[in-house]
Amino acid sequence: MRDRPADDLRSEIRQGQPFAHPREEAVLSLLRSSHQVEQQLSRFLRHWQLTPTRYNALRILRGAGSEGLPCGEVGERMVTPVPDVTRLLDRLEKRGWVERRRDPEDRRVVRVTLTPRAEELLGRVDGPLGEWLAAALAPLGDEKTLQLVSLLAEVRGALRARSRALQ
């Protein structure tokens with residue numbers, strides 16, 4: 001009989017020994033969960049010829065509105081940074097989802113905006129994605145979901161502070 005969720009993770013990764021410390025269990029569980037969410041999200045988005053990275057970039061640009069964003073800022077805002085934002089934007093432009101134009105105030109800056117085609121695509125994805133997210137997090141309910149968001153923010157904050165201290 002399993003008395004702890006850790007037993008599920010240990011079973012999933014075929015680990016016979018207990019974790020050395022709850023912190024090890026927490027990090028491995030976080031990594032495993034992140035991987036599973038990304039895998040399933042990838043499968044879900046495939047229907048619209050999207051990947052999580054493409055969807056993230058389009059979502060960022062939708063939030064920026066009609067002014068768009070400089071190319072570099074798109075990269076800075078990505079949930080999972082990509083090594084070559086230019087190549088990502090090239091692929092999005094080739095599909096007719098984004099347009100690039102020189103900033104009239106500073107010709108050195110290239111701004112990226114969504115096309116109406118991408119707006120329409122995101123509009124078709126929104127409802128089904130909302131349902132997918134609701135189903136994926138249904139076991140938690142709203143209160144635990146907000147608690148999870150808060151706990152993960154604390155972890156990211158601690159990691160940022162540690163990173164700054166090491167510099």
# chains A, B, ... in the order shown; residues from 1 in each chain; ligands from 1
$ residues_around --residues "Glu93 (chain A)" --least-positions-apart "4" --cutoff "12 Å" --atoms "only C-alpha atoms" --output "mmCIF file with N, CA and C atoms, in the first residue's frame"
data_model
loop_
_atom_site.group_PDB
_atom_site.id
_atom_site.type_symbol
_atom_site.label_atom_id
_atom_site.label_comp_id
_atom_site.auth_asym_id
_atom_site.auth_seq_id
_atom_site.Cartn_x
_atom_site.Cartn_y
_atom_site.Cartn_z
ATOM 1 N N ARG A 54 6.520 27.945 -29.927
ATOM 2 C CA ARG A 54 5.805 28.826 -30.868
ATOM 3 C C ARG A 54 4.600 29.458 -30.183
ATOM 4 N N ALA A 57 5.704 32.258 -27.839
ATOM 5 C CA ALA A 57 6.084 33.488 -28.547
ATOM 6 C C ALA A 57 4.842 34.229 -29.049
ATOM 7 N N LEU A 58 3.878 33.501 -29.605
ATOM 8 C CA LEU A 58 2.660 34.137 -30.105
ATOM 9 C C LEU A 58 1.848 34.736 -28.953
ATOM 10 N N THR A 86 15.904 34.793 -33.325
ATOM 11 C CA THR A 86 15.776 35.198 -34.725
ATOM 12 C C THR A 86 15.254 34.042 -35.570
ATOM 13 N N ARG A 87 15.805 32.858 -35.367
ATOM 14 C CA ARG A 87 15.366 31.699 -36.144
ATOM 15 C C ARG A 87 13.915 31.330 -35.812
ATOM 16 N N LEU A 88 13.540 31.424 -34.525
ATOM 17 C CA LEU A 88 12.152 31.178 -34.126
ATOM 18 C C LEU A 88 11.229 32.156 -34.840
ATOM 19 N N LEU A 89 11.596 33.436 -34.844
ATOM 20 C CA LEU A 89 10.766 34.444 -35.501
ATOM 21 C C LEU A 89 10.738 34.243 -37.014
ATOM 22 N N TRP A 97 2.491 34.191 -39.379
ATOM 23 C CA TRP A 97 1.951 34.475 -38.056
ATOM 24 C C TRP A 97 2.504 35.761 -37.441
ATOM 25 N N VAL A 98 3.661 36.212 -37.893
ATOM 26 C CA VAL A 98 4.230 37.460 -37.371
ATOM 27 C C VAL A 98 4.760 38.298 -38.517
ATOM 28 N N GLU A 99 4.887 39.587 -38.246
ATOM 29 C CA GLU A 99 5.521 40.520 -39.177
ATOM 30 C C GLU A 99 6.596 41.264 -38.409
ATOM 31 N N ARG A 100 7.686 41.580 -39.104
ATOM 32 C CA ARG A 100 8.755 42.375 -38.508
ATOM 33 C C ARG A 100 8.858 43.687 -39.267
ATOM 34 N N ARG A 101 9.106 44.747 -38.514
ATOM 35 C CA ARG A 101 9.278 46.055 -39.139
ATOM 36 C C ARG A 101 10.238 46.886 -38.294
ATOM 37 N N VAL A 112 8.322 43.187 -33.646
ATOM 38 C CA VAL A 112 7.569 42.039 -34.137
ATOM 39 C C VAL A 112 6.131 42.182 -33.674
ATOM 40 N N THR A 113 5.196 41.958 -34.593
ATOM 41 C CA THR A 113 3.769 41.995 -34.264
ATOM 42 C C THR A 113 3.090 40.742 -34.822
ATOM 43 N N LEU A 114 1.954 40.428 -34.236
ATOM 44 C CA LEU A 114 1.140 39.323 -34.744
ATOM 45 C C LEU A 114 0.407 39.749 -35.997
ATOM 46 N N THR A 115 0.166 38.801 -36.862
ATOM 47 C CA THR A 115 -0.675 39.050 -38.034
ATOM 48 C C THR A 115 -2.117 38.684 -37.667
ATOM 49 N N ARG A 117 -3.841 36.583 -39.092
ATOM 50 C CA ARG A 117 -3.895 35.115 -39.181
ATOM 51 C C ARG A 117 -3.529 34.468 -37.838
ATOM 52 N N ALA A 118 -2.501 34.999 -37.171
ATOM 53 C CA ALA A 118 -2.094 34.468 -35.868
ATOM 54 C C ALA A 118 -3.137 34.788 -34.804
#
$ select_by_dssp --residues "region 14-167 of chain A" --states "strand (DSSP E or B)" --output "NGL selection string"
:A and (69-70 or 98-102 or 110-114)
$ closest_atom_pairs --of "region 64-103 of chain A" --to "region 28-51 of chain A" --cutoff "12 Å" --atoms "only C-alpha atoms" --output "Markdown table"
| residue | atom | partner | partner_atom | distance |
| --- | --- | --- | --- | --- |
| A:Val79 | CA | A:Glu38 | CA | 11.7 |
| A:Thr80 | CA | A:Glu38 | CA | 10.8 |
| A:Leu88 | CA | A:Thr51 | CA | 11.1 |
| A:Arg91 | CA | A:Leu50 | CA | 11.1 |
| A:Leu92 | CA | A:Leu50 | CA | 9.9 |
| A:Arg95 | CA | A:Gln49 | CA | 9.8 |
| A:Trp97 | CA | A:Leu50 | CA | 11.0 |
$ closest_residue --among "A:Ser11, A:Glu154, A:Leu122, A:Lys144" --to "Arg59 (chain A)" --atoms "only C-alpha atoms"
A:Leu122
$ select_by_dssp --residues "region 61-135 of chain A" --states "alpha helix (DSSP H)" --output "ChimeraX atom specification"
/A:61-64,71-77,85-94,116-135
$ write_last_selection --atoms "C-alpha atoms" --output "PDB file, in the first residue's frame"
ATOM      1  CA  LEU A  61       3.151  39.053 -28.889  1.00  0.00           C
ATOM      2  CA  ARG A  62      -0.618  38.984 -28.425  1.00  0.00           C
ATOM      3  CA  GLY A  63      -0.109  40.474 -24.967  1.00  0.00           C
ATOM      4  CA  ALA A  64       2.093  43.208 -26.422  1.00  0.00           C
ATOM      5  CA  CYS A  71      12.901  40.891 -31.134  1.00  0.00           C
ATOM      6  CA  GLY A  72      15.193  40.656 -28.115  1.00  0.00           C
ATOM      7  CA  GLU A  73      12.379  41.342 -25.696  1.00  0.00           C
ATOM      8  CA  VAL A  74      10.393  38.430 -27.110  1.00  0.00           C
ATOM      9  CA  GLY A  75      13.346  36.220 -26.193  1.00  0.00           C
ATOM     10  CA  GLU A  76      13.612  37.707 -22.697  1.00  0.00           C
ATOM     11  CA  ARG A  77       9.954  37.007 -21.984  1.00  0.00           C
ATOM     12  CA  VAL A  85      15.079  33.962 -31.201  1.00  0.00           C
ATOM     13  CA  THR A  86      15.776  35.198 -34.725  1.00  0.00           C
ATOM     14  CA  ARG A  87      15.366  31.699 -36.144  1.00  0.00           C
ATOM     15  CA  LEU A  88      12.152  31.178 -34.126  1.00  0.00           C
ATOM     16  CA  LEU A  89      10.766  34.444 -35.501  1.00  0.00           C
ATOM     17  CA  ASP A  90      11.856  33.445 -39.012  1.00  0.00           C
ATOM     18  CA  ARG A  91       9.753  30.278 -38.715  1.00  0.00           C
ATOM     19  CA  LEU A  92       6.758  32.209 -37.352  1.00  0.00           C
ATOM     20  CA  GLU A  93       7.078  34.767 -40.159  1.00  0.00           C
ATOM     21  CA  LYS A  94       7.309  32.014 -42.787  1.00  0.00           C
ATOM     22  CA  PRO A 116      -4.483  38.742 -38.200  1.00  0.00           C
ATOM     23  CA  ARG A 117      -3.895  35.115 -39.181  1.00  0.00           C
ATOM     24  CA  ALA A 118      -2.094  34.468 -35.868  1.00  0.00           C
ATOM     25  CA  GLU A 119      -4.789  36.341 -33.919  1.00  0.00           C
ATOM     26  CA  GLU A 120      -7.389  34.076 -35.501  1.00  0.00           C
ATOM     27  CA  LEU A 121      -5.298  30.980 -34.744  1.00  0.00           C
ATOM     28  CA  LEU A 122      -4.891  31.934 -31.094  1.00  0.00           C
ATOM     29  CA  GLY A 123      -8.620  32.601 -30.875  1.00  0.00           C
ATOM     30  CA  ARG A 124      -9.252  29.024 -32.022  1.00  0.00           C
ATOM     31  CA  VAL A 125      -6.729  27.631 -29.525  1.00  0.00           C
ATOM     32  CA  ASP A 126      -7.907  29.613 -26.479  1.00  0.00           C
ATOM     33  CA  GLY A 127     -11.065  27.660 -25.630  1.00  0.00           C
ATOM     34  CA  PRO A 128      -9.680  24.147 -26.074  1.00  0.00           C
ATOM     35  CA  LEU A 129      -6.469  25.107 -24.265  1.00  0.00           C
ATOM     36  CA  GLY A 130      -8.471  26.477 -21.347  1.00  0.00           C
ATOM     37  CA  GLU A 131     -10.328  23.176 -21.160  1.00  0.00           C
ATOM     38  CA  TRP A 132      -7.065  21.235 -21.360  1.00  0.00           C
ATOM     39  CA  LEU A 133      -5.559  23.271 -18.516  1.00  0.00           C
ATOM     40  CA  ALA A 134      -8.693  22.865 -16.402  1.00  0.00           C
ATOM     41  CA  ALA A 135      -8.604  19.101 -16.870  1.00  0.00           C
TER      42      ALA A 135
END
$ decode --residues "region 40-70 of chain A" --atoms "N, CA and C atoms" --output "CSV table (one decimal), in the first residue's frame"
chain,number,residue,atom,x,y,z
A,40,GLN,N,2.7,16.5,-23.0
A,40,GLN,CA,1.3,16.5,-23.3
A,40,GLN,C,0.8,17.8,-23.9
A,41,LEU,N,1.4,18.9,-23.5
A,41,LEU,CA,1.0,20.2,-24.2
A,41,LEU,C,1.5,20.2,-25.6
A,42,SER,N,2.7,19.6,-25.9
A,42,SER,CA,3.2,19.5,-27.2
A,42,SER,C,2.2,18.7,-28.1
A,43,ARG,N,1.7,17.5,-27.6
A,43,ARG,CA,0.8,16.7,-28.3
A,43,ARG,C,-0.5,17.5,-28.6
A,44,PHE,N,-1.0,18.2,-27.6
A,44,PHE,CA,-2.2,19.0,-27.7
A,44,PHE,C,-2.1,20.1,-28.7
A,45,LEU,N,-1.0,20.8,-28.7
A,45,LEU,CA,-0.8,22.0,-29.6
A,45,LEU,C,-0.5,21.5,-31.1
A,46,ARG,N,-0.1,20.3,-31.3
A,46,ARG,CA,0.3,19.8,-32.6
A,46,ARG,C,-0.9,20.0,-33.6
A,47,HIS,N,-2.1,19.9,-33.1
A,47,HIS,CA,-3.3,20.0,-33.9
A,47,HIS,C,-3.3,21.3,-34.7
A,48,TRP,N,-2.8,22.3,-34.1
A,48,TRP,CA,-2.7,23.7,-34.8
A,48,TRP,C,-1.3,24.0,-35.3
A,49,GLN,N,-0.5,23.0,-35.5
A,49,GLN,CA,0.9,23.1,-36.0
A,49,GLN,C,1.7,24.1,-35.1
A,50,LEU,N,1.4,24.0,-33.8
A,50,LEU,CA,2.1,24.8,-32.8
A,50,LEU,C,3.0,23.9,-31.9
A,51,THR,N,4.0,24.4,-31.4
A,51,THR,CA,4.8,23.8,-30.3
A,51,THR,C,4.6,24.7,-29.1
A,52,PRO,N,5.0,24.2,-27.9
A,52,PRO,CA,5.0,25.1,-26.8
A,52,PRO,C,5.8,26.4,-27.0
A,53,THR,N,6.9,26.3,-27.6
A,53,THR,CA,7.8,27.5,-27.9
A,53,THR,C,7.1,28.4,-28.8
A,54,ARG,N,6.5,27.9,-29.9
A,54,ARG,CA,5.8,28.8,-30.9
A,54,ARG,C,4.6,29.5,-30.2
A,55,TYR,N,3.8,28.7,-29.4
A,55,TYR,CA,2.7,29.2,-28.8
A,55,TYR,C,3.1,30.3,-27.8
A,56,ASN,N,4.2,30.0,-27.0
A,56,ASN,CA,4.6,31.0,-26.1
A,56,ASN,C,5.0,32.3,-26.7
A,57,ALA,N,5.7,32.3,-27.8
A,57,ALA,CA,6.1,33.5,-28.5
A,57,ALA,C,4.8,34.2,-29.0
A,58,LEU,N,3.9,33.5,-29.6
A,58,LEU,CA,2.7,34.1,-30.1
A,58,LEU,C,1.8,34.7,-29.0
A,59,ARG,N,1.8,34.0,-27.8
A,59,ARG,CA,1.1,34.5,-26.7
A,59,ARG,C,1.7,35.8,-26.1
A,60,ILE,N,3.0,35.9,-26.1
A,60,ILE,CA,3.8,37.1,-25.7
A,60,ILE,C,3.4,38.2,-26.6
A,61,LEU,N,3.4,38.0,-27.9
A,61,LEU,CA,3.2,39.1,-28.9
A,61,LEU,C,1.7,39.5,-28.8
A,62,ARG,N,0.8,38.6,-28.6
A,62,ARG,CA,-0.6,39.0,-28.4
A,62,ARG,C,-0.8,39.9,-27.2
A,63,GLY,N,-0.1,39.6,-26.2
A,63,GLY,CA,-0.1,40.5,-25.0
A,63,GLY,C,0.5,41.8,-25.2
A,64,ALA,N,1.4,41.9,-26.1
A,64,ALA,CA,2.1,43.2,-26.4
A,64,ALA,C,1.2,44.2,-27.2
A,65,GLY,N,0.2,43.6,-27.8
A,65,GLY,CA,-0.7,44.5,-28.6
A,65,GLY,C,-0.2,44.9,-29.9
A,66,SER,N,-0.8,45.9,-30.5
A,66,SER,CA,-0.5,46.4,-31.9
A,66,SER,C,0.9,47.0,-32.0
A,67,GLU,N,1.5,47.4,-30.9
A,67,GLU,CA,2.9,47.9,-31.0
A,67,GLU,C,3.9,46.8,-31.1
A,68,GLY,N,3.6,45.6,-30.7
A,68,GLY,CA,4.5,44.5,-30.8
A,68,GLY,C,5.7,44.7,-29.8
A,69,LEU,N,6.7,44.0,-30.1
A,69,LEU,CA,7.9,44.1,-29.2
A,69,LEU,C,9.2,44.0,-30.0
A,70,PRO,N,10.3,44.5,-29.5
A,70,PRO,CA,11.6,44.3,-30.1
A,70,PRO,C,11.9,42.8,-30.1
